[in-house]
$ cat protein38.csv   # CSV, C-alpha atoms and all ligand atoms
chain,number,residue,atom,x,y,z
A,357,MET,CA,0.0,0.0,0.0
A,358,TYR,CA,2.7,2.5,1.1
A,359,LYS,CA,5.0,1.5,-1.8
A,360,GLY,CA,2.1,1.8,-4.3
A,361,PHE,CA,1.4,5.3,-3.1
A,362,LEU,CA,5.1,6.3,-3.2
A,363,HIS,CA,5.5,5.0,-6.7
A,364,THR,CA,2.3,6.7,-7.9
A,365,HIS,CA,3.5,9.9,-6.3
A,366,TYR,CA,6.8,9.8,-8.1
A,367,LEU,CA,5.1,9.0,-11.4
A,368,VAL,CA,2.5,11.9,-11.1
A,369,VAL,CA,5.1,14.3,-9.9
A,370,SER,CA,7.3,13.4,-12.9
A,371,LEU,CA,4.3,13.9,-15.3
A,372,PHE,CA,3.4,17.1,-13.6
A,373,LEU,CA,7.0,18.4,-14.0
A,374,LEU,CA,7.1,17.3,-17.6
A,375,LEU,CA,4.0,19.2,-18.4
A,376,TYR,CA,5.3,22.3,-16.8
A,377,VAL,CA,8.7,22.1,-18.4
A,378,ILE,CA,7.0,21.9,-21.8
A,379,LYS,CA,4.7,24.8,-21.1
A,380,THR,CA,7.6,26.9,-19.7
A,381,VAL,CA,9.7,26.2,-22.8
A,382,LEU,CA,6.9,27.2,-25.1
A,383,LEU,CA,6.3,30.4,-23.2
A,384,LEU,CA,10.0,31.3,-23.0
A,385,SER,CA,10.4,30.7,-26.7
A,386,ASN,CA,7.4,32.9,-27.5
A,387,LYS,CA,5.3,30.1,-29.0
A,388,THR,CA,2.2,31.5,-27.4
A,389,ASP,CA,-0.3,30.0,-29.9
A,390,LEU,CA,1.2,26.5,-29.5
A,391,LEU,CA,1.1,27.0,-25.7
A,392,LYS,CA,-2.6,27.8,-25.8
A,393,THR,CA,-3.3,24.7,-27.9
A,394,PHE,CA,-1.1,22.5,-25.7
A,395,SER,CA,-2.7,23.9,-22.5
A,396,LYS,CA,-6.2,23.2,-23.9
A,397,LYS,CA,-5.4,19.7,-25.0
A,398,THR,CA,-3.8,18.7,-21.7
A,399,ARG,CA,-6.3,20.5,-19.4
A,400,VAL,CA,-8.2,17.4,-18.2
A,401,PHE,CA,-5.0,15.4,-17.8
A,402,GLU,CA,-3.4,18.2,-15.8
A,403,ILE,CA,-6.4,18.4,-13.5
A,404,VAL,CA,-6.3,14.6,-12.9
A,405,ILE,CA,-2.5,14.5,-12.2
A,406,SER,CA,-2.6,17.6,-10.0
A,407,PHE,CA,-5.3,16.0,-8.0
A,408,MET,CA,-3.3,12.7,-7.7
A,409,PHE,CA,-0.2,14.7,-6.8
A,410,LEU,CA,-2.0,16.2,-3.9
A,411,LEU,CA,-3.8,13.1,-2.8
A,412,THR,CA,-0.7,10.8,-2.8
A,413,GLY,CA,1.3,13.6,-1.2
A,414,ILE,CA,-1.1,14.0,1.7
A,415,TYR,CA,-1.2,10.2,2.2
A,416,LEU,CA,2.6,10.0,2.3
A,417,MET,CA,2.7,12.8,4.8
A,418,THR,CA,0.4,10.9,7.1
A,419,GLN,CA,2.8,7.9,6.9
A,420,LEU,CA,5.9,9.9,7.9
A,421,PRO,CA,7.7,8.6,11.0
A,422,TYR,CA,6.7,10.6,14.1
A,423,GLY,CA,9.8,12.8,14.4
A,424,SER,CA,9.9,14.1,10.9
A,425,LYS,CA,6.5,15.8,11.2
A,426,TYR,CA,8.4,18.5,13.1
A,427,ASP,CA,11.1,18.6,10.5
A,428,TYR,CA,11.4,22.2,9.2
A,429,MET,CA,12.6,21.0,5.8
A,430,LEU,CA,9.3,19.3,5.2
A,431,TRP,CA,7.4,22.6,5.9
A,432,ILE,CA,9.7,24.5,3.6
A,433,LYS,CA,9.0,21.9,0.9
A,434,LEU,CA,5.3,22.1,1.4
A,435,ILE,CA,5.2,25.9,1.5
A,436,MET,CA,7.2,26.1,-1.7
A,437,ILE,CA,4.9,23.6,-3.5
A,438,VAL,CA,1.7,25.2,-2.3
A,439,SER,CA,2.8,28.8,-3.1
A,440,SER,CA,4.2,27.8,-6.5
A,441,ILE,CA,0.7,26.9,-7.7
A,442,PRO,CA,-0.9,30.4,-7.7
A,443,ILE,CA,2.3,31.7,-9.2
A,444,ALA,CA,2.1,29.2,-12.0
A,445,VAL,CA,-1.6,29.9,-12.7
A,446,ILE,CA,-1.1,33.6,-12.9
A,447,GLY,CA,2.2,33.2,-14.9
A,448,PHE,CA,0.7,31.1,-17.6
A,449,ARG,CA,-2.6,33.0,-17.8
A,450,ARG,CA,-0.8,36.3,-18.3
A,451,PHE,CA,2.0,34.8,-20.3
A,452,ASN,CA,4.4,36.2,-17.8
A,453,LYS,CA,7.8,34.5,-18.4
A,454,THR,CA,9.3,35.4,-15.0
A,455,LEU,CA,6.5,34.0,-13.0
A,456,ALA,CA,6.2,30.8,-15.0
A,457,ALA,CA,9.9,30.1,-14.7
A,458,LEU,CA,9.9,31.0,-11.0
A,459,SER,CA,7.1,28.5,-10.3
A,460,LEU,CA,8.8,25.8,-12.2
A,461,LEU,CA,12.0,26.5,-10.3
A,462,MET,CA,10.1,26.3,-7.0
A,463,ILE,CA,8.5,23.0,-7.8
A,464,THR,CA,11.7,21.3,-9.0
A,465,GLY,CA,13.7,22.9,-6.3
A,466,SER,CA,11.4,21.7,-3.5
A,467,PHE,CA,11.3,18.2,-4.8
A,468,GLY,CA,15.1,18.0,-5.3
A,469,LEU,CA,15.8,19.6,-1.9
A,470,GLY,CA,13.6,17.1,-0.1
A,471,GLU,CA,15.2,14.1,-1.8
A,472,VAL,CA,18.8,15.2,-1.2
A,473,TYR,CA,18.0,16.1,2.4
A,474,HIS,CA,16.3,12.9,3.3
A,475,LYS,CA,18.9,10.7,1.8
A,476,LYS,CA,21.6,12.5,3.7
A,477,LYS,CA,20.0,12.7,7.1
A,478,GLY,CA,18.8,9.3,7.9
A,479,ILE,CA,17.8,8.9,11.5
A,480,ALA,CA,19.6,11.0,14.1
A,481,LYS,CA,21.6,9.4,16.9
A,482,GLN,CA,19.1,8.4,19.6
A,483,THR,CA,21.3,6.6,22.1
A,484,GLU,CA,22.3,9.5,24.5
A,485,ASN,CA,21.9,8.4,28.1
A,486,ILE,CA,20.8,4.9,27.3
A,487,ALA,CA,22.8,1.9,28.5
A,488,ALA,CA,24.3,-0.1,25.6
A,489,ASN,CA,22.6,-3.3,26.9
A,490,ASP,CA,19.1,-1.8,27.4
A,491,GLY,CA,17.5,-3.3,24.3
A,492,LYS,CA,14.0,-2.1,25.2
A,493,ALA,CA,15.0,1.6,25.7
A,494,LEU,CA,17.2,1.5,22.6
A,495,TYR,CA,14.3,0.0,20.6
A,496,GLU,CA,11.9,2.7,21.8
A,497,ALA,CA,14.4,5.5,20.9
A,498,ASN,CA,15.3,4.2,17.5
A,499,CYS,CA,12.6,2.0,16.1
A,500,ASN,CA,9.3,3.1,17.6
A,501,LEU,CA,8.7,5.9,15.2
A,502,CYS,CA,8.3,3.5,12.3
A,503,HIS,CA,7.6,0.1,13.8
A,504,GLY,CA,5.7,1.2,17.0
A,505,PRO,CA,6.1,-0.2,20.5
A,506,ASN,CA,4.5,-3.5,19.6
A,507,GLY,CA,6.3,-3.8,16.2
A,508,LYS,CA,3.0,-3.4,14.2
A,509,LEU,CA,2.8,0.3,13.4
A,510,GLY,CA,4.0,0.1,9.8
A,511,MET,CA,4.9,3.8,9.2
A,512,SER,CA,6.7,4.5,5.9
A,513,GLY,CA,6.2,0.9,4.7
A,514,ALA,CA,7.9,-0.6,7.8
A,515,LYS,CA,7.4,-4.4,8.1
A,516,ASP,CA,5.4,-5.9,10.9
A,517,LEU,CA,8.1,-7.2,13.3
A,518,THR,CA,5.8,-9.6,15.1
A,519,ALA,CA,5.6,-11.5,11.8
A,520,THR,CA,9.3,-11.5,10.9
A,521,THR,CA,11.1,-14.8,10.3
A,522,MET,CA,14.5,-13.3,10.8
A,523,ASP,CA,16.9,-14.6,13.4
A,524,VAL,CA,18.9,-12.4,15.8
A,525,ALA,CA,21.9,-12.2,13.5
A,526,ALA,CA,19.7,-11.1,10.5
A,527,ILE,CA,17.9,-8.5,12.6
A,528,LYS,CA,21.2,-7.1,13.9
A,529,ASP,CA,22.4,-6.9,10.4
A,530,ILE,CA,19.4,-4.9,9.2
A,531,ILE,CA,19.7,-2.6,12.2
A,532,SER,CA,23.3,-1.8,11.4
A,533,HIS,CA,23.0,-1.5,7.6
A,534,GLY,CA,19.3,-0.7,6.9
A,535,LYS,CA,17.3,-2.2,4.0
A,536,GLY,CA,15.3,-0.5,1.3
A,537,ALA,CA,13.4,2.4,2.9
A,538,MET,CA,14.7,1.6,6.4
A,539,PRO,CA,17.8,3.6,7.3
A,540,ALA,CA,20.7,2.1,9.3
A,541,ALA,CA,20.3,3.0,13.0
A,542,GLN,CA,23.0,5.2,14.5
A,543,VAL,CA,24.0,2.6,17.1
A,544,ASN,CA,27.2,0.7,17.8
A,545,THR,CA,27.6,-3.1,17.5
A,546,GLU,CA,26.8,-3.8,21.1
A,547,GLU,CA,23.7,-1.6,21.0
A,548,ALA,CA,22.5,-3.2,17.7
A,549,GLY,CA,22.9,-6.6,19.4
A,550,ALA,CA,20.9,-5.6,22.4
A,551,ILE,CA,18.1,-4.2,20.2
A,552,ALA,CA,18.1,-7.4,18.0
A,553,GLU,CA,17.9,-9.5,21.2
A,554,TYR,CA,14.9,-7.5,22.4
A,555,VAL,CA,13.1,-7.7,19.0
A,556,ASN,CA,13.8,-11.5,18.8
A,557,THR,CA,12.5,-12.3,22.3
A,558,GLN,CA,9.9,-9.6,23.0
A,559,ILE,CA,8.4,-8.6,19.7
A,560,LYS,CA,8.8,-11.4,17.2
A,561,GLY,CA,5.9,-13.8,17.4
A,562,HIS,CA,4.0,-11.7,19.9
B,601,LIG,C1,12.3,5.2,9.0
B,601,LIG,C2,11.5,4.1,9.4
B,601,LIG,C3,12.1,2.9,10.1
B,601,LIG,C4,12.9,2.9,11.2
B,601,LIG,C5,13.2,4.1,12.1
B,601,LIG,C6,13.2,1.5,11.5
B,601,LIG,N1,12.7,0.7,10.5
B,601,LIG,FE1,12.8,-1.3,10.4
B,601,LIG,N2,11.9,-1.3,8.6
B,601,LIG,C7,11.5,-0.2,7.9
B,601,LIG,C8,11.1,-0.5,6.6
B,601,LIG,C9,10.5,0.5,5.5
B,601,LIG,C10,11.3,-1.9,6.4
B,601,LIG,C11,11.0,-2.8,5.2
B,601,LIG,C12,12.3,-2.8,4.4
B,601,LIG,C13,12.2,-3.6,3.2
B,601,LIG,O1,12.0,-4.8,3.3
B,601,LIG,O2,12.4,-3.1,2.1
B,601,LIG,C14,11.8,-2.3,7.7
B,601,LIG,C15,12.1,-3.7,8.0
B,601,LIG,C16,12.7,-4.1,9.2
B,601,LIG,C17,13.0,-5.5,9.5
B,601,LIG,C18,12.8,-6.7,8.5
B,601,LIG,C19,11.5,-7.4,8.8
B,601,LIG,C20,11.4,-8.5,7.8
B,601,LIG,O3,10.9,-9.6,8.2
B,601,LIG,O4,11.7,-8.4,6.6
B,601,LIG,C21,13.4,-5.5,10.8
B,601,LIG,C22,13.9,-6.7,11.5
B,601,LIG,C23,13.4,-4.2,11.3
B,601,LIG,N3,12.9,-3.3,10.3
B,601,LIG,C24,13.8,-3.8,12.5
B,601,LIG,C25,14.0,-2.5,12.9
B,601,LIG,C26,14.6,-2.1,14.1
B,601,LIG,C27,15.1,-3.1,15.2
B,601,LIG,C28,14.7,-0.7,14.2
B,601,LIG,C29,15.3,0.2,15.2
B,601,LIG,C30,16.8,0.0,15.4
B,601,LIG,C31,14.1,-0.3,12.9
B,601,LIG,N4,13.7,-1.3,12.2
B,601,LIG,C32,13.9,1.1,12.6
B,601,LIG,C33,11.4,1.1,8.4
B,601,LIG,C34,12.0,1.5,9.6
$ encode --input "protein38.csv" --output "structure tokens"
Amino acid sequence: MYKGFLHTHYLVVSLFLLLYVIKTVLLLSNKTDLLKTFSKKTRVFEIVISFMFLLTGIYLMTQLPYGSKYDYMLWIKLIMIVSSIPIAVIGFRRFNKTLAALSLLMITGSFGLGEVYHKKKGIAKQTENIAANDGKALYEANCNLCHGPNGKLGMSGAKDLTATTMDVAAIKDIISHGKGAMPAAQVNTEEAGAIAEYVNTQIKGH
């Protein structure tokens, strides 16, 4: 479900950008008549993908791990996308090149910014003041936000840990190195071992 929405979001955002790049190029190269025809022909398509852009975006935001809802980058991204819409509408309606180019820049910029930032950041170190052998506390600090206290939360496409068939070694490995959408936890080997032990005995199969 999460992955489906994520892929649909990327697809509609790409189509949306493609449409705007074409329109901006037509406007900047003074092909006003062609722009009018193109806009008319793609009108329904544009409404559909804009709607899907919003819908999938809102869904994905509800699936963000707890901490990132307070992430200022996310709000900058959102404000940039939302404010670029009226700028684009006015820009294309008035054939104003500056506004059209500005809105395109804001949309691509906010998308790129978010991507780069999220890849770089990962999950912040959460082990301050927790004993390295306290698997439960370490789990709560590092894993709760996606897997939840009972392992079933499933935020950001996280797997249900009660249903995992992994052994301690495999769990420890995934904690240290991450997998797919799961970032590696900022913990040392001993801490990763304690968390894996906790997941294996207290969450798996419960
Ligand atoms: C940002 C969200 C996020 C955080 C934080 C997170 N996980 Fe995950 N976890 C995921 C996602 C997404 C997957 C699915 C990865 C895949 O299979 O592509 C996953 C998968 C797993 C799996 C594999 C389950 C299986 O059977 O395939 C284990 C085990 C696991 N996580 C344990 C942990 C532990 C322990 C922590 C804390 C150290 C943690 N995760 C923190 C998102 C997260």
$ residues_around --input "protein38.csv" --residues "A:Ala514" --least-positions-apart "6" --cutoff "8 Å" --atoms "all atoms listed in the file" --output "list of chain:residue names"
A:Cys502, A:His503, A:Ala537, A:Met538
$ atom_distance --input "protein38.csv" --atom1 "atom CA of A:Ile403" --atom2 "atom CA of A:Met511"
29.3 Å
$ residues_around --input "protein38.csv" --residues "stretch 372-380 of chain A" --least-positions-apart "3" --cutoff "12 Å" --atoms "all atoms listed in the file" --output "PyMOL selection string"
chain A and resi 364-369+383-399+401-410+437+440-441+444-445+447-449+451-468
$ residues_near_ligand --input "protein38.csv" --ligand "ligand LIG 601 (chain B)" --cutoff "7 Å" --atoms "all atoms listed in the file" --output "VMD selection string"
chain A and resid 421 479 495 498 to 503 511 to 517 519 to 522 527 530 to 531 535 to 539 541 548 551 to 552 555
$ atom_distance --input "protein38.csv" --atom1 "atom CA of A:Tyr358" --atom2 "atom CA of A:Ala525"
27.2 Å
$ atom_distance --input "protein38.csv" --atom1 "atom CA of A:Leu434" --atom2 "atom CA of A:Gln419"
15.4 Å
$ residues_around --input "protein38.csv" --residues "A:Glu484" --least-positions-apart "6" --cutoff "12 Å" --atoms "only C-alpha atoms" --output "ChimeraX atom specification"
/A:493-494,497-498,542-543,547
$ write_last_selection --input "protein38.csv" --atoms "C-alpha atoms" --output "mmCIF file, in the coordinates of the input"
data_model
loop_
_atom_site.group_PDB
_atom_site.id
_atom_site.type_symbol
_atom_site.label_atom_id
_atom_site.label_comp_id
_atom_site.auth_asym_id
_atom_site.auth_seq_id
_atom_site.Cartn_x
_atom_site.Cartn_y
_atom_site.Cartn_z
ATOM 1 C CA ALA A 493 15.000 1.600 25.700
ATOM 2 C CA LEU A 494 17.200 1.500 22.600
ATOM 3 C CA ALA A 497 14.400 5.500 20.900
ATOM 4 C CA ASN A 498 15.300 4.200 17.500
ATOM 5 C CA GLN A 542 23.000 5.200 14.500
ATOM 6 C CA VAL A 543 24.000 2.600 17.100
ATOM 7 C CA GLU A 547 23.700 -1.600 21.000
#
$ closest_residue --input "protein38.csv" --among "A:Asn489, A:Asp529, A:Lys508, A:Gln558" --to "A:Glu546" --atoms "all atoms listed in the file"
A:Asn489
$ closest_residue --input "protein38.csv" --among "A:Ile559, A:Ala526, A:Asn485, A:Gly534" --to "A:Gly504" --atoms "all atoms listed in the file"
A:Ile559
$ closest_residue --input "protein38.csv" --among "A:Ile486, A:Asn556, A:Pro442, A:Ala540" --to "A:Thr518" --atoms "only C-alpha atoms"
A:Asn556
$ closest_residue --input "protein38.csv" --among "A:Leu411, A:Val400, A:Leu382, A:Gly549" --to "A:Phe361" --atoms "all atoms listed in the file"
A:Leu411
$ closest_residue --input "protein38.csv" --among "A:Leu371, A:Val381, A:Ile443, A:Met357" --to "A:Gly510" --atoms "all atoms listed in the file"
A:Met357
$ residues_near_point --input "protein38.csv" --point "(22.9, -3.2, 25.7)" --cutoff "6 Å" --atoms "all atoms listed in the file" --output "PyMOL selection string"
chain A and resi 487-491+547+550
$ build_atoms --input "protein38.csv" --residues "stretch 393-404 of chain A" --atoms "all heavy atoms" --output "tab-separated table (two decimals), keeping the file's coordinate frame"
chain	number	residue	atom	x	y	z
A	393	THR	N	-2.79	26.00	-27.41
A	393	THR	CA	-3.30	24.70	-27.90
A	393	THR	C	-2.91	23.60	-26.95
A	393	THR	O	-3.74	22.76	-26.56
A	393	THR	CB	-2.76	24.39	-29.31
A	393	THR	OG1	-2.73	25.60	-30.05
A	393	THR	CG2	-3.58	23.34	-29.99
A	394	PHE	N	-1.65	23.60	-26.57
A	394	PHE	CA	-1.10	22.50	-25.70
A	394	PHE	C	-1.87	22.55	-24.34
A	394	PHE	O	-2.30	21.51	-23.85
A	394	PHE	CB	0.38	22.75	-25.45
A	394	PHE	CG	1.00	21.70	-24.60
A	394	PHE	CD1	1.33	20.44	-25.12
A	394	PHE	CD2	1.28	21.94	-23.25
A	394	PHE	CE1	1.90	19.46	-24.32
A	394	PHE	CE2	1.85	20.96	-22.45
A	394	PHE	CZ	2.17	19.72	-22.98
A	395	SER	N	-2.06	23.74	-23.77
A	395	SER	CA	-2.70	23.90	-22.50
A	395	SER	C	-4.17	23.34	-22.57
A	395	SER	O	-4.65	22.67	-21.67
A	395	SER	CB	-2.76	25.31	-22.02
A	395	SER	OG	-1.44	25.78	-21.88
A	396	LYS	N	-4.84	23.67	-23.67
A	396	LYS	CA	-6.20	23.20	-23.90
A	396	LYS	C	-6.32	21.73	-23.96
A	396	LYS	O	-7.13	21.10	-23.30
A	396	LYS	CB	-6.75	23.89	-25.15
A	396	LYS	CG	-8.24	24.23	-25.06
A	396	LYS	CD	-8.72	24.76	-26.38
A	396	LYS	CE	-9.45	26.07	-26.25
A	396	LYS	NZ	-9.61	26.73	-27.56
A	397	LYS	N	-5.42	21.15	-24.76
A	397	LYS	CA	-5.40	19.70	-25.00
A	397	LYS	C	-5.08	18.90	-23.72
A	397	LYS	O	-5.51	17.77	-23.56
A	397	LYS	CB	-4.44	19.34	-26.11
A	397	LYS	CG	-4.90	19.82	-27.47
A	397	LYS	CD	-4.83	18.69	-28.49
A	397	LYS	CE	-5.64	19.02	-29.73
A	397	LYS	NZ	-4.81	19.49	-30.85
A	398	THR	N	-4.24	19.48	-22.87
A	398	THR	CA	-3.80	18.70	-21.70
A	398	THR	C	-4.54	19.12	-20.43
A	398	THR	O	-4.19	18.69	-19.34
A	398	THR	CB	-2.27	18.95	-21.46
A	398	THR	OG1	-2.02	20.36	-21.40
A	398	THR	CG2	-1.43	18.33	-22.56
A	399	ARG	N	-5.58	19.91	-20.59
A	399	ARG	CA	-6.30	20.50	-19.40
A	399	ARG	C	-6.83	19.39	-18.48
A	399	ARG	O	-6.55	19.43	-17.28
A	399	ARG	CB	-7.45	21.33	-19.94
A	399	ARG	CG	-7.76	22.44	-19.02
A	399	ARG	CD	-9.03	23.16	-19.42
A	399	ARG	NE	-9.69	23.61	-18.21
A	399	ARG	CZ	-9.26	24.66	-17.52
A	399	ARG	NH1	-8.24	25.35	-17.93
A	399	ARG	NH2	-9.89	25.01	-16.40
A	400	VAL	N	-7.57	18.45	-19.01
A	400	VAL	CA	-8.20	17.40	-18.20
A	400	VAL	C	-7.07	16.56	-17.52
A	400	VAL	O	-7.09	16.29	-16.31
A	400	VAL	CB	-9.13	16.51	-19.00
A	400	VAL	CG1	-9.66	15.37	-18.15
A	400	VAL	CG2	-10.27	17.35	-19.54
A	401	PHE	N	-6.10	16.19	-18.34
A	401	PHE	CA	-5.00	15.40	-17.80
A	401	PHE	C	-4.27	16.14	-16.69
A	401	PHE	O	-3.94	15.55	-15.66
A	401	PHE	CB	-4.00	15.19	-19.02
A	401	PHE	CG	-2.74	14.45	-18.67
A	401	PHE	CD1	-2.79	13.11	-18.30
A	401	PHE	CD2	-1.51	15.09	-18.71
A	401	PHE	CE1	-1.63	12.43	-17.98
A	401	PHE	CE2	-0.34	14.41	-18.39
A	401	PHE	CZ	-0.41	13.07	-18.02
A	402	GLU	N	-4.11	17.44	-16.85
A	402	GLU	CA	-3.40	18.20	-15.80
A	402	GLU	C	-4.23	18.25	-14.53
A	402	GLU	O	-3.67	18.12	-13.44
A	402	GLU	CB	-3.22	19.67	-16.34
A	402	GLU	CG	-2.37	20.49	-15.39
A	402	GLU	CD	-2.20	21.93	-15.83
A	402	GLU	OE1	-2.27	22.21	-17.04
A	402	GLU	OE2	-2.00	22.78	-14.95
A	403	ILE	N	-5.55	18.39	-14.66
A	403	ILE	CA	-6.40	18.40	-13.50
A	403	ILE	C	-6.27	17.05	-12.74
A	403	ILE	O	-6.11	16.99	-11.52
A	403	ILE	CB	-7.86	18.72	-13.81
A	403	ILE	CG1	-7.96	20.17	-14.30
A	403	ILE	CG2	-8.78	18.48	-12.63
A	403	ILE	CD1	-9.30	20.55	-14.88
A	404	VAL	N	-6.32	15.96	-13.52
A	404	VAL	CA	-6.30	14.60	-12.90
A	404	VAL	C	-4.91	14.42	-12.20
A	404	VAL	O	-4.89	14.00	-11.03
A	404	VAL	CB	-6.46	13.52	-13.99
A	404	VAL	CG1	-6.19	12.14	-13.41
A	404	VAL	CG2	-7.88	13.58	-14.54
